[in-house]
Every structure is written in structure tokens, then in C-alpha cells.
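Right, one structure below, let's go through it.
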Amino acid sequence: MKDMPKVGFICTGENALELSGAICCAGRLMRHFNENGYMTGGCYSCISPSKQTKLLRERMGHMCACNDVVVAIGCDGFRKGDVIPDIITSISHKDLPYFSYKLSSEEYVDVETGVSQRCFPSRSVAAIYGSSVILSVPAELPSSLGKIDSLMSAISFAVGNSSNKQPSKSMELSDLVADFYMERSFQD
């Protein structure tokens, strides 16, 4: 089970209300990643990130050291205090333009209905720091969930290539144990 990729979350908001929205969004995104074979590797929240950019840059680096995917939620728009895309860009080693395009677009497919929906564009970005994939998304749940869902196979592909870990096909304990022994017994 230790070979499963981990996903960490950084929740941000310029005030308490925005931060609470980001935390709620993170809860649902955690479940979505877990359903797709990832373990939750940690969470960090930051209020007023525009006043704490140095600390947040450092924390983001720590999250990347412990996780294969880091999702930063909130403060990714066009306001003066929306600094998350700038922080990600400043620490990253490689940009992921296709991911950034999908994350910042004005459309997403609703996970519940499968219907294409319009949304506000953002400055969401994606990049690689070390061997971790970093994604930024708005704190607005339906669009963030829809955009992440549309990228899930690409995220798994990037994680597999950068960290050599693959999401588990099932999160049921019996399936995880069976997968573990199947992989180990045939390789010896």
C-alpha cells in the first residue's frame, strides 16, 4: 500500500469565509482522489496568503516533498490577493500547459449530470516541483471537481512517470492486499 500515490491539499482564502469554502471543496476533492486510487497525504490551510507568500511558498515545498500531487484550492483568480498561481509558478521546475489550460478554462463537465457547464475563468496553473504535480483550482466545488475529473487520467499518467507510482484500482482492503501479493509473488 505504500506504493500508492499521495495527494495533499492546501486551502487558502483571503478571509475566513473564503477559507471555509476552500476547506469544504477540499473535502469533496479528497473523496474524489481516494475513489480514484490516491491516499490523502496531508492538508494545510492559510488565511490571507497574499500577506504570507514566503511562508506559503515554503509550506508548498514541504507538501510537495511528502505528496505526489498537491492541490491548492482558492486564491487563483484575478484579484490582487490571488497569489497562488504566482507562488506555484515561482517554485516549479516545469510547467504543465495542457493541465493549466483545462484548469483555467470557462467550461467543465458536471460530475453528477455529465453535462458541460460554463464557469468563470481563473488563473489556475499546473506545474511540477521535484517529482510532484501541483494543481491550483478555485474554491468553487462543481467547476473544480469537473476540471479535476477531466484530468484524472492525465494526472495519473504524470504521477506514474514522475514518481513511478500508480493509483490503486480499488480502495477495498481485500483488493489492496490481493494486489500487493500479486505484484510481489510474480516478481520474485
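Residue names in the C-alpha cells use chain letters A, B, ... in the order shown, residue numbers from 1 in each chain, and ligand numbers from 1 in the order shown.
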Give me, as an NGL selection string, all polymer residues having an atom no more than 8 Å from A:Tyr129, counting only C-alpha atoms and skipping those fewer than 2 positions away in the same chain. :A and (61 or 64 or 91-94 or 127 or 131-134)
Need the shell around stretch 139-154 of chain A: protein/DNA/RNA residues with any atom at most 9 Å away, counting only C-alpha atoms. Skip same-chain ones fewer than 4 positions apart. Format as a ChimeraX atom specification? /A:11-13,18-19,21-26,28-29,32-33,36,73-76,99,102-105,107-112,117-119,135,158-159
What residues in stretch 60-157 of chain A get the DSSP label strand (DSSP E)? Please answer as a compact mmCIF listing (two decimals) with C-alpha atoms, in the first residue's frame.
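Written output follows (selection_39.txt):
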# COMPACT_ATOMS: atom_id res chain seq x y z
CA VAL A 69 0.05 15.51 -6.14
CA VAL A 70 -0.63 18.79 -4.35
CA VAL A 71 -3.90 20.61 -4.96
CA ALA A 72 -4.03 24.29 -3.95
CA ILE A 73 -7.61 25.47 -3.55
CA LYS A 94 8.31 22.53 -15.23
CA ASP A 95 5.03 24.00 -16.38
CA GLU A 107 -16.07 25.13 -19.13
CA TYR A 108 -16.22 21.89 -17.19
CA VAL A 109 -18.28 18.72 -17.29
CA SER A 116 -21.00 20.63 -19.97
CA GLN A 117 -21.29 23.78 -17.86
CA ARG A 118 -19.94 27.31 -18.16
CA ALA A 126 -0.32 23.29 -13.03
CA ALA A 127 3.35 22.51 -12.71
CA ILE A 128 5.89 20.02 -11.47
CA TYR A 129 8.01 20.67 -8.40
CA SER A 132 5.16 16.27 -7.51
CA VAL A 133 2.36 17.57 -9.69
CA ILE A 134 0.94 20.84 -8.32
CA LEU A 135 -2.53 21.97 -9.37
CA SER A 136 -4.44 25.10 -8.41
CA VAL A 137 -8.22 25.24 -8.58
Å distance separating atom CA of A:Ser45 from atom CA of A:Glu58, one decimal place: 13.1 Å
Would you please extract all helix (DSSP H, G or I) residues from stretch 58-154 of chain A, as assigned by DSSP on the backbone, and give them as a PyMOL selection string? chain A and resi 58-66+84-91+97-104+141-154
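Here atom CA of A:Gly130 is placed at a distance of 16.0 Å from atom CA of A:Phe157.
The spacing separating atom CA of A:Arg31 from atom CA of A:Val7 amounts to 10.9 Å.
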Which of these residues is nearest to A:Pro167, using only C-alpha atoms: A:Gly114, A:Pro85, A:Tyr44, A:Ile155?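 For A:Pro167, the nearest of the given residues is A:Ile155.
The closest residue to A:Lys54, picked from A:Ser90, A:Asn15, A:Asn34, A:Asn67 and counting only C-alpha atoms, is A:Ser90.
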Judged by only C-alpha atoms, the minimum distance to A:Asp86 among A:Val125, A:Val115, A:Leu17, A:Ile47 is found for A:Val125
With distances taken over only C-alpha atoms, which residue among A:Lys51, A:Gly27, A:Ser162, A:Glu14 lies nearest A:Arg79? A:Glu14
